[in-house]
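Visitor: Below is a structure I'd like to ask you about.
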Amino acid sequence: MWESFGFEFVNFYFIPGLVLGCIYALGAIGITLTFGILRFANFAHGELMMMGAYLTWTIMAIATAILGIAVHPLLAAIPASIVVIYLFFWTDKFFYKPFRKADTIKVVMASFGMMLILRSAVQVIWGPNQLTFVPGIAKPNPSLLGWSSDIGAMLLIPNKHLFIFAGTIVFVVVLSYILNRTRIGKAMRAVSDSPDLAHVTGIDVDQVIRATWIVGGVCAIAAGVFLAMDIQMLETTMGFRMLLPMFAAAILGGIGKPYGAVVGGLVIGLSEELSAYPWIGDAPLLSPGYKTGVAFAIMVVMLIVRPQGLFKGRSF
Amino acid sequence: MSVLSLNNLYAGYGQTEVLHDMSIFVNPNEIVAIIGPNGAGKSTAMKSVLGLLTINSGNVELNGKDITNTPAAEVVRLGISYVPQTQNVFVNLSVQENLEMGAWTRPLGIRERLAEMFELFPDLGEKRNQAAGSLSGGQRQMVAMAKALMVDAKILLLDEPTAGLSPKYRGEIFTTIQKIKSTGVPILIVEQNAKQALGVADRGYVLVDGANRYTGKGKELLENREIARMFLGGGH
Amino acid sequence: MEAYLGYLLYFLSLATVGGIYAIFALGLNVQWGFAGLFNVGIVGFAAVGAYTYALLTTAESTFHYGGLGLPLPVGMFVAMVASAVIAGVIGLICIRLRSDYLAIATIGISEIIKLILKNETEVTNGPRGINKIPRAWEHFSEERFYSSWPMSWFNTPEGWAVFFDALPNWWWQPCFAATVLFCMYVIYRMLERARISPWGRMMTAIRENEPAARAAGKNVTARRVEAFVIGAAIMGFAGALFAQHLRLIEPTNTFDPAKVTFLVWVMLILGGSGNNRGAMLGAFLIWTIWSASELMIGGIIDLAGYVFQSFDTGVLATRAGFLRMMLIGILMQVVLQKYPAGILPEVRPASPQSNK
């Protein structure tokens with residue numbers, strides 16, 4: 001059973017799908033929080049993710065050049081995330097806040113413009129070509145390989161993927177603690193529920209918005225860095241390519257529902273990878289070129305059948 | 001000295017002026033009801049206190065201090081608690097979390113006040129961990145009022161607290177309102193159910209076309225034949 | 001004389017591409033200016049129009065399915081229809097939802113369209129694209145056109161060959177530019193008609209006060225879908241002209257969202273959304289800035305490379321293009337915040353019942 005089916009399925013389709021799902025999930029958390037609390041679809045989210053990955057790369061390069069040490073991406077992501085959070089604040093202050101009382105579509109438009117500005121900025125600073133994030137071929141974790149071989153189900157999971165799984169779990173646990181146990185987290189849920197009521201309740205909405213950018217921003221950088229760790233390189237289009245699956249994940253989970261976004265992200269990631277599995281015959285069910293299309297198809301079906309998402313999010 | 005007074009207000013939404021020379025005051029330990037036909041500006045009067053619309057002239061005073069055009073968050077911090085007519089609870093938050101949000105501007109001593117509220121509203125204590133959205137309309141109204149009382153409210157503003165509720169719950173809400181008054185919080189209430197509102201109110205205002213037409217003790221207004229003909233007849 | 005000819009040809013190409021962008025902007029104006037629909041998938045509709053036209057009109061090819069070698073107007077017409085059909089499907093799904101969803105769905109469909117163009121190699125020749133797309137006027141000098149009807153009725157192929165050899169090689173440029181501008185003018189007139197018609201006034205009413213329009217018994221969703229489809233058809237038409245202008249189209253670089261969707265948006269916002277003339281003005285203005293700045297930056301870089309011999313001008317040149325994009329993006333943000341009405345603000349159609 002494992003030899004004929006499981007080995008290939010788990011190692012080459014399921015695990016990569018889960019990895020992709022984790023990345024989508026973290027990205028979609030920010031999208032769904034922004035959509036729920038600030039009430040607009042932030043098209044610049046993917047670009048900020050991409051920028052976080054580039055900044056992390058830069059910090060790693062500087063550390064190597066000056067200190068002569070190789071810094072783990074997740075460590076380098078910490079200073080990078082501070083910069084990106086300020087970028088989130090800054091874009092909000094100058095480009096989104098002026099429209100807060102106007103039609104939401106104006107903010108969506110501004111975020112669309114921001115998407116182009118940020119990507120162009122990255123292309124100007126770092127150039128349009130691909131950069132190597134972490135060189136070399138990722139080998140499967142030896143102890144996991146040994147242990148799983150012993151029980152007869154060989155798992156080929158490189159360390160980078162183990163980091164991504166563990167990191168995602170940590171982020172989701174911390175997020176659920178923040179949202180359910182802290183004052184600001186509860187206020188975030190309250191604003192997402194009804195901004196008008198939050199206003200007349202005396203909740204400091206500006207503070208909640210800042211918290212939203214921080215939480216969404218940290219998750220976005222984590223997603224960006226995880227993606228860069230996974231594909232081991234940086235591209236200026238990586239943020240834009242993530243945008244559609246992340247929106248799909250947020251809509252699938254229900255707008256304003258962070259756990260929904262996590263589930264949505266995992267579902268989208270898994271469906272994208274599993275769509276290429278030869279379910280019928282020997283050929284891939286769907287040509288791998290159409291992976292992105294899977295996310296879009298799921299999103300469209302959701303919009304037709306159940307626009308409020310699986311977890312009854314906000315539907316407009 | 002009155003707790004809250006609205007003096008000669010001219011106010012409205014942007015270009016459209018809804019209130020024309022309206023004056024209302026609320027004394028300590030008093031329930032004041034505002035009644036009137038639809039579109040008379042009852043809810044507008046309340047929103048003008050919260051700084052949610054433009055006041056063209058006149059002023060709003062809290063304990064003698066001018067708070068005209070103060071933003072809502074600040075008004076709440078000053079001790080004016082407001083319960084909107086609809087969407088007055090956070091449906092995805094639990095009952096207790098709703099009350100905690102109500103205490104946003106005064107985060108200290110939440111535990112004690114939660115205990116007080118669950119004493120005042122015993123039903124809510126049992127359901128403290130349920131999502132507010134899963135409660136019935138009457139219970140939601142209770143959550144909304146408890147949430148508003150989580151700060152040391154100097155005055156409580158209720159916008160049509162019984163709208164859409166069954167007669168049974170209506171009675172319960174009015175009983176609760178009297179209970180709140182007995183804790184020393186004055187209440188300004190806007191109501192469609194004029195009869196019941198004037199029944200519990202110490203004083204009442206009848207608003208027509210954005211100005212007060214009649215003012216008087218609750219009982220007197222109830223007995224006024226013209227008012228009875230205008231609003232109290234019919235279905236209520 | 002040669003120098004003047006160069007200027008003339010540059011001006012003609014500005015007019016041609018500016019005119020094509022103006023048609024895109026007019027299409028977007030129907031969707032956004034008239035109906036308030038936020039379409040960020042313009043590039044998708046452009047690609048559908050361009051590929052439909054290309055597949056229908058090119059000569060038969062061994063690299064991909066088609067070309068059918070059909071007459072040009074047929075290609076243009078089918079391009080419009082194809083784009084409209086896709087818009088209709090998207091519109092029916094998303095227009096009843098809030099505007100953000102339409103934005104997400106349009107950006108999604110445009111990416112999917114590009115994905116299909118890239119992957120369906122047998123039909124579209126994949127990433128290598130389609131070549132030798134016939135361009136209006138210039139195509140008359142191609143053998144497959146002058147050797148078949150209706151041209152063959154008037155002259156022999158040899159006769160035509162001699163005739164075209166006698167013309168200067170840029171003869172078609174003024175004709176093509178004039179055709180593009182003429183198409184733009186016709187579309188403009190039609191849209192002006194539509195704007196002041198009862199349909200156009202209803203669109204304004206819906207955009208201003210949707211609940212009131214609904215209460216008055218207007219079928220708001222149907223009107224919006226109509227506007228979306230009409231706008232998309234115009235974009236498909238512009239896409240077909242775009243294909244003619246380029247003659248070689250491929251999915252990735254030709255249909256870069258930044259250079260199509262985004263530029264068209266900036267054009268409309270700067271020119272004045274809701275105003276057809278504003279849309280055209282914005283298109284010509286932005287395209288002139290875009291194209292002139294390319295020349296200028298190129299000149300500056302060449303100069304820098306000449307002065308500082310050690311400069312790697314190649315790197316500078318590619319990055320300058322992105323800097324330009326960034327500046328255009330900032331321009332859009334400034335206009336959006338400070339001058340939301342644009343250069344030519346929307347003019348309300350005078351209502352016949354206004355003096356009641």
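All residue names refer to the structure tokens as shown: chains lettered A, B, ... in order, residues numbered from 1 in each chain, ligands numbered from 1 in order.
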Leaving out Ala187 in chain A and any residue of its chain fewer than 4 positions from it, which residues lie within 9 Å of it when counting only C-alpha atoms, given as a PDB file with N, CA and C atoms, in the first residue's frame?

Guide:
```pdb
ATOM      1  N   LEU A 179      -6.529  36.907  19.713  1.00  0.00           N
ATOM      2  CA  LEU A 179      -7.908  37.259  19.375  1.00  0.00           C
ATOM      3  C   LEU A 179      -8.890  36.916  20.491  1.00  0.00           C
ATOM      4  N   THR A 182      -6.793  38.505  24.610  1.00  0.00           N
ATOM      5  CA  THR A 182      -6.311  39.851  24.916  1.00  0.00           C
ATOM      6  C   THR A 182      -7.394  40.889  24.620  1.00  0.00           C
ATOM      7  N   ARG A 183      -7.241  42.038  25.312  1.00  0.00           N
ATOM      8  CA  ARG A 183      -8.198  43.129  25.151  1.00  0.00           C
ATOM      9  C   ARG A 183      -8.227  43.622  23.710  1.00  0.00           C
ATOM     10  N   VAL A 191     -14.572  45.258  16.259  1.00  0.00           N
ATOM     11  CA  VAL A 191     -14.612  46.191  15.131  1.00  0.00           C
ATOM     12  C   VAL A 191     -14.998  45.446  13.862  1.00  0.00           C
ATOM     13  N   SER A 192     -14.481  44.230  13.711  1.00  0.00           N
ATOM     14  CA  SER A 192     -14.819  43.428  12.555  1.00  0.00           C
ATOM     15  C   SER A 192     -16.323  43.152  12.518  1.00  0.00           C
ATOM     16  N   ALA A 198     -18.639  49.750  17.563  1.00  0.00           N
ATOM     17  CA  ALA A 198     -17.348  49.901  18.233  1.00  0.00           C
ATOM     18  C   ALA A 198     -17.058  51.371  18.487  1.00  0.00           C
ATOM     19  N   ILE A 203     -14.529  52.339  21.748  1.00  0.00           N
ATOM     20  CA  ILE A 203     -13.311  51.601  21.403  1.00  0.00           C
ATOM     21  C   ILE A 203     -12.433  52.483  20.513  1.00  0.00           C
ATOM     22  N   ASP A 204     -11.149  52.516  20.812  1.00  0.00           N
ATOM     23  CA  ASP A 204     -10.210  53.314  20.031  1.00  0.00           C
ATOM     24  C   ASP A 204      -9.947  52.592  18.702  1.00  0.00           C
ATOM     25  N   VAL A 205     -10.719  52.967  17.687  1.00  0.00           N
ATOM     26  CA  VAL A 205     -10.661  52.233  16.421  1.00  0.00           C
ATOM     27  C   VAL A 205      -9.288  52.378  15.763  1.00  0.00           C
ATOM     28  N   VAL A 208      -7.048  49.856  17.145  1.00  0.00           N
ATOM     29  CA  VAL A 208      -7.397  48.535  16.619  1.00  0.00           C
ATOM     30  C   VAL A 208      -6.844  48.372  15.206  1.00  0.00           C
TER      31      VAL A 208
ATOM     32  N   MET B 101     -15.974  44.859  26.281  1.00  0.00           N
ATOM     33  CA  MET B 101     -15.801  45.925  25.292  1.00  0.00           C
ATOM     34  C   MET B 101     -16.477  47.205  25.771  1.00  0.00           C
ATOM     35  N   TRP B 104     -14.262  49.450  27.653  1.00  0.00           N
ATOM     36  CA  TRP B 104     -13.010  49.812  26.984  1.00  0.00           C
ATOM     37  C   TRP B 104     -12.402  51.103  27.550  1.00  0.00           C
TER      38      TRP B 104
END
```

Visitor: Each residue of chain A lying at most 7 Å from chain B should get a row with its shortest atom-to-atom pair and the distance in Å to one decimal, counting only C-alpha atoms; could you produce that, ordered by chain and increasing number, as JSON lines?

Guide:
```
{"residue": "A:Ala187", "atom": "CA", "partner": "B:Met101", "partner_atom": "CA", "distance": 6.7}
{"residue": "A:Ala190", "atom": "CA", "partner": "B:Phe90", "partner_atom": "CA", "distance": 5.9}
{"residue": "A:Asp193", "atom": "CA", "partner": "B:Phe90", "partner_atom": "CA", "distance": 5.8}
{"residue": "A:Ser194", "atom": "CA", "partner": "B:Phe90", "partner_atom": "CA", "distance": 6.7}
{"residue": "A:Leu197", "atom": "CA", "partner": "B:Asn88", "partner_atom": "CA", "distance": 6.4}
{"residue": "A:His199", "atom": "CA", "partner": "B:Ala73", "partner_atom": "CA", "distance": 6.2}
{"residue": "A:Val200", "atom": "CA", "partner": "B:Ala72", "partner_atom": "CA", "distance": 5.6}
{"residue": "A:Thr201", "atom": "CA", "partner": "B:Gly102", "partner_atom": "CA", "distance": 5.9}
{"residue": "A:Gly202", "atom": "CA", "partner": "B:Ala73", "partner_atom": "CA", "distance": 4.1}
{"residue": "A:Ile203", "atom": "CA", "partner": "B:Trp104", "partner_atom": "CA", "distance": 5.9}
```

Visitor: What residues in chain A lie within 7 Å of chain C, counting only C-alpha atoms, written as a PDB file with N, CA and C atoms, in the first residue's frame?

Guide:
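Result file is iface04.pdb:
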```pdb
ATOM      1  N   PHE A  40     -11.949  46.534   3.354  1.00  0.00           N
ATOM      2  CA  PHE A  40     -11.605  46.600   1.932  1.00  0.00           C
ATOM      3  C   PHE A  40     -10.648  45.476   1.571  1.00  0.00           C
ATOM      4  N   ALA A  41     -10.681  45.103   0.302  1.00  0.00           N
ATOM      5  CA  ALA A  41      -9.791  44.069  -0.207  1.00  0.00           C
ATOM      6  C   ALA A  41      -8.451  44.723  -0.489  1.00  0.00           C
ATOM      7  N   ILE A 105     -14.594  51.562  -2.317  1.00  0.00           N
ATOM      8  CA  ILE A 105     -13.932  51.221  -3.566  1.00  0.00           C
ATOM      9  C   ILE A 105     -12.743  52.140  -3.818  1.00  0.00           C
ATOM     10  N   ALA A 110      -6.898  52.618  -4.260  1.00  0.00           N
ATOM     11  CA  ALA A 110      -5.618  53.079  -3.726  1.00  0.00           C
ATOM     12  C   ALA A 110      -4.709  51.892  -3.449  1.00  0.00           C
ATOM     13  N   GLY A 113      -3.256  50.706  -6.617  1.00  0.00           N
ATOM     14  CA  GLY A 113      -2.136  51.560  -6.992  1.00  0.00           C
ATOM     15  C   GLY A 113      -0.899  51.243  -6.170  1.00  0.00           C
ATOM     16  N   LEU A 116       1.182  48.335  -7.406  1.00  0.00           N
ATOM     17  CA  LEU A 116       2.118  48.654  -8.486  1.00  0.00           C
ATOM     18  C   LEU A 116       3.301  49.452  -7.968  1.00  0.00           C
ATOM     19  N   ILE A 117       3.034  50.409  -7.068  1.00  0.00           N
ATOM     20  CA  ILE A 117       4.113  51.254  -6.551  1.00  0.00           C
ATOM     21  C   ILE A 117       5.132  50.390  -5.807  1.00  0.00           C
ATOM     22  N   SER A 120       7.080  48.107  -8.172  1.00  0.00           N
ATOM     23  CA  SER A 120       8.065  48.878  -8.924  1.00  0.00           C
ATOM     24  C   SER A 120       9.221  49.269  -8.027  1.00  0.00           C
ATOM     25  N   ALA A 121       8.910  49.624  -6.772  1.00  0.00           N
ATOM     26  CA  ALA A 121       9.977  50.008  -5.851  1.00  0.00           C
ATOM     27  C   ALA A 121      10.945  48.850  -5.653  1.00  0.00           C
ATOM     28  N   GLN A 123      11.484  46.450  -7.723  1.00  0.00           N
ATOM     29  CA  GLN A 123      12.206  46.247  -8.979  1.00  0.00           C
ATOM     30  C   GLN A 123      13.297  47.294  -9.165  1.00  0.00           C
ATOM     31  N   VAL A 124      13.039  48.503  -8.683  1.00  0.00           N
ATOM     32  CA  VAL A 124      14.068  49.540  -8.785  1.00  0.00           C
ATOM     33  C   VAL A 124      15.224  49.218  -7.836  1.00  0.00           C
ATOM     34  N   GLY A 127      16.190  45.119  -8.452  1.00  0.00           N
ATOM     35  CA  GLY A 127      16.268  44.640  -9.829  1.00  0.00           C
ATOM     36  C   GLY A 127      15.205  43.606 -10.121  1.00  0.00           C
ATOM     37  N   LEU A 244      -4.132  35.935  -5.605  1.00  0.00           N
ATOM     38  CA  LEU A 244      -5.388  35.284  -5.947  1.00  0.00           C
ATOM     39  C   LEU A 244      -5.688  34.104  -5.020  1.00  0.00           C
ATOM     40  N   GLY A 289       0.324  23.492 -15.009  1.00  0.00           N
ATOM     41  CA  GLY A 289       0.265  24.901 -15.403  1.00  0.00           C
ATOM     42  C   GLY A 289      -0.983  25.593 -14.919  1.00  0.00           C
ATOM     43  N   TYR A 290      -2.020  24.820 -14.613  1.00  0.00           N
ATOM     44  CA  TYR A 290      -3.305  25.403 -14.232  1.00  0.00           C
ATOM     45  C   TYR A 290      -3.527  25.457 -12.727  1.00  0.00           C
ATOM     46  N   GLY A 293      -5.334  28.242 -11.380  1.00  0.00           N
ATOM     47  CA  GLY A 293      -6.730  28.211 -11.785  1.00  0.00           C
ATOM     48  C   GLY A 293      -7.612  27.487 -10.785  1.00  0.00           C
ATOM     49  N   PHE A 296      -8.801  29.860  -8.258  1.00  0.00           N
ATOM     50  CA  PHE A 296      -9.812  30.740  -8.823  1.00  0.00           C
ATOM     51  C   PHE A 296     -11.139  30.010  -8.972  1.00  0.00           C
ATOM     52  N   ILE A 304     -20.639  31.874  -6.000  1.00  0.00           N
ATOM     53  CA  ILE A 304     -21.968  31.549  -6.510  1.00  0.00           C
ATOM     54  C   ILE A 304     -22.804  30.882  -5.424  1.00  0.00           C
ATOM     55  N   PHE A 316     -21.119  40.719   1.696  1.00  0.00           N
ATOM     56  CA  PHE A 316     -21.549  42.088   1.412  1.00  0.00           C
ATOM     57  C   PHE A 316     -22.610  42.106   0.333  1.00  0.00           C
TER      58      PHE A 316
END
```

Visitor: Any idea what's packed within 10 Å of Ala54 in chain C, counting only C-alpha atoms, ignoring anything in its chain fewer than 2 positions away? Could you give it as a ChimeraX atom specification?

Guide: /C:48-52,56-59,66-70,72,75-76,79,124,130-134,240,243-244,247-249

Visitor: Just the residues within 12 Å of Asp159 in chain B, please, counting only C-alpha atoms, with nothing from its chain fewer than 6 positions along; format it as a VMD selection string.

Guide: chain B and resid 33 to 35 41 to 47 81 to 88 141 144 to 145 187 to 193 197

Visitor: Write a file of the selected residues as a short mmCIF file (atom, residue, chain, number, x, y, z; two decimals), in the first residue's frame, keeping N, CA and C atoms.

Guide:
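Listed below is the output, again-v9.cif:
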```
data_model
loop_
_atom_site.label_atom_id
_atom_site.label_comp_id
_atom_site.auth_asym_id
_atom_site.auth_seq_id
_atom_site.Cartn_x
_atom_site.Cartn_y
_atom_site.Cartn_z
N ALA B 33 -38.38 60.63 28.64
CA ALA B 33 -38.74 59.96 27.39
C ALA B 33 -38.95 60.98 26.29
N ILE B 34 -38.46 60.67 25.11
CA ILE B 34 -38.74 61.49 23.93
C ILE B 34 -39.66 60.66 23.05
N ILE B 35 -40.83 61.19 22.76
CA ILE B 35 -41.72 60.47 21.85
C ILE B 35 -42.08 61.39 20.70
N GLY B 41 -37.28 63.38 14.37
CA GLY B 41 -35.93 63.72 14.80
C GLY B 41 -35.57 63.14 16.15
N LYS B 42 -36.28 62.09 16.57
CA LYS B 42 -36.01 61.51 17.89
C LYS B 42 -34.60 60.91 17.97
N SER B 43 -34.31 60.05 17.00
CA SER B 43 -32.98 59.43 17.02
C SER B 43 -31.90 60.46 16.70
N THR B 44 -32.27 61.42 15.85
CA THR B 44 -31.31 62.47 15.51
C THR B 44 -30.88 63.23 16.76
N ALA B 45 -31.82 63.47 17.65
CA ALA B 45 -31.50 64.17 18.88
C ALA B 45 -30.40 63.42 19.63
N MET B 46 -30.52 62.10 19.68
CA MET B 46 -29.51 61.32 20.39
C MET B 46 -28.17 61.34 19.68
N LYS B 47 -28.24 61.22 18.36
CA LYS B 47 -26.98 61.19 17.61
C LYS B 47 -26.25 62.52 17.73
N SER B 81 -23.33 56.96 28.01
CA SER B 81 -23.40 55.63 27.40
C SER B 81 -24.61 55.58 26.48
N TYR B 82 -24.40 55.03 25.31
CA TYR B 82 -25.43 55.08 24.28
C TYR B 82 -25.71 53.66 23.79
N VAL B 83 -26.99 53.32 23.71
CA VAL B 83 -27.38 52.03 23.17
C VAL B 83 -28.15 52.29 21.87
N PRO B 84 -27.54 51.98 20.73
CA PRO B 84 -28.23 52.22 19.45
C PRO B 84 -29.47 51.34 19.32
N GLN B 85 -30.31 51.70 18.36
CA GLN B 85 -31.56 50.96 18.20
C GLN B 85 -31.31 49.55 17.65
N THR B 86 -30.53 49.49 16.56
CA THR B 86 -30.24 48.18 15.98
C THR B 86 -28.74 47.94 16.07
N GLN B 87 -28.35 46.71 15.84
CA GLN B 87 -26.94 46.33 15.89
C GLN B 87 -26.28 46.89 17.13
N ASN B 88 -26.86 46.59 18.29
CA ASN B 88 -26.31 47.17 19.51
C ASN B 88 -25.47 46.20 20.33
N GLN B 141 -31.00 43.01 23.97
CA GLN B 141 -31.21 44.36 24.48
C GLN B 141 -30.62 44.49 25.88
N ALA B 144 -26.97 44.75 25.57
CA ALA B 144 -26.60 46.10 25.11
C ALA B 144 -26.64 47.08 26.27
N MET B 145 -27.66 46.95 27.12
CA MET B 145 -27.77 47.89 28.24
C MET B 145 -26.68 47.63 29.27
N ILE B 187 -31.70 58.36 32.82
CA ILE B 187 -31.87 57.72 31.51
C ILE B 187 -32.66 58.64 30.59
N LEU B 188 -32.14 58.76 29.36
CA LEU B 188 -32.89 59.45 28.31
C LEU B 188 -33.28 58.38 27.30
N ILE B 189 -34.58 58.28 27.06
CA ILE B 189 -35.05 57.18 26.23
C ILE B 189 -35.90 57.71 25.08
N VAL B 190 -35.63 57.19 23.90
CA VAL B 190 -36.44 57.53 22.72
C VAL B 190 -37.35 56.34 22.48
N GLU B 191 -38.64 56.55 22.32
CA GLU B 191 -39.53 55.41 22.20
C GLU B 191 -40.65 55.61 21.19
N GLN B 192 -40.99 54.50 20.55
CA GLN B 192 -42.18 54.46 19.71
C GLN B 192 -43.39 54.12 20.58
N ASN B 193 -43.16 53.21 21.54
CA ASN B 193 -44.26 52.78 22.40
C ASN B 193 -44.52 53.86 23.45
N ALA B 197 -43.64 54.08 27.58
CA ALA B 197 -42.50 54.93 27.88
C ALA B 197 -42.91 56.03 28.84
#
```

Visitor: Going by DSSP on the backbone, which residues of range 82-248 of chain A come out as strand (DSSP E)? List them as an MDAnalysis selection string.

Guide: chainID A and resid 131:132 233:234

Visitor: For a test of reading the model, state the distance in Å between CA of Pro157 in chain C and CA of Phe145 in chain C, rounded to one decimal.

Guide: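 Answer for the CA of Pro157 in chain C to CA of Phe145 in chain C separation: 9.3 Å.
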
Visitor: For the structure I just gave you, how does DSSP split range 15-262 of chain C - specifically, which residues are alpha helix (DSSP H)? Reply as a VMD selection string.

Guide: chain C and resid 15 to 28 42 to 57 72 to 94 99 to 119 121 to 124 143 to 146 151 to 154 157 to 166 172 to 196 198 to 208 210 to 215 220 to 246

Visitor: Could you list, as a PyMOL selection string, every residue within 12 Å of Leu191 in chain C, counting only C-alpha atoms and ignoring same-chain residues fewer than 2 positions away?

Guide: chain C and resi 23+25-31+33-34+184-189+193-197+199-200+227+230-231+234+274-277+279

Visitor: Mind checking which residues fall within 7 Å of Phe45 in chain C, counting only C-alpha atoms, ignoring those fewer than 4 positions away in the same chain, and posting them as a PDB file with N, CA and C atoms, in the first residue's frame?

Guide:
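Heads up, here's the output in out.pdb:
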```pdb
ATOM      1  N   GLY C  41      -9.315  43.834 -14.352  1.00  0.00           N
ATOM      2  CA  GLY C  41      -8.866  42.779 -15.251  1.00  0.00           C
ATOM      3  C   GLY C  41      -8.897  43.233 -16.698  1.00  0.00           C
ATOM      4  N   GLY C  49      -9.582  39.816 -26.682  1.00  0.00           N
ATOM      5  CA  GLY C  49      -9.818  40.497 -27.954  1.00  0.00           C
ATOM      6  C   GLY C  49      -8.657  40.283 -28.911  1.00  0.00           C
ATOM      7  N   SER C  83     -15.019  38.897 -25.851  1.00  0.00           N
ATOM      8  CA  SER C  83     -14.756  39.642 -24.636  1.00  0.00           C
ATOM      9  C   SER C  83     -16.060  39.911 -23.877  1.00  0.00           C
ATOM     10  N   ALA C 232     -16.683  45.798 -21.675  1.00  0.00           N
ATOM     11  CA  ALA C 232     -15.758  44.723 -22.029  1.00  0.00           C
ATOM     12  C   ALA C 232     -15.682  44.550 -23.541  1.00  0.00           C
ATOM     13  N   MET C 235     -13.391  47.045 -24.785  1.00  0.00           N
ATOM     14  CA  MET C 235     -12.015  46.655 -24.466  1.00  0.00           C
ATOM     15  C   MET C 235     -11.527  45.551 -25.401  1.00  0.00           C
ATOM     16  N   GLY C 236     -12.413  44.617 -25.738  1.00  0.00           N
ATOM     17  CA  GLY C 236     -12.039  43.559 -26.673  1.00  0.00           C
ATOM     18  C   GLY C 236     -11.676  44.145 -28.030  1.00  0.00           C
TER      19      GLY C 236
END
```

Visitor: Determine, counting only C-alpha atoms, which protein, DNA and RNA residues have an atom within 12 Å of an atom of Met117 in chain B; residues of the same chain fewer than 5 positions away are not included. Present the result as a PyMOL selection string.

Guide: chain B and resi 95-96+98-100+102-103+110-112+122-126+128+142-152+176+179-180+183

Visitor: Any idea what the distance is between CA of Ser147 in chain C and CA of Ala178 in chain C?

Guide: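 So the answer is 25.4 Å.
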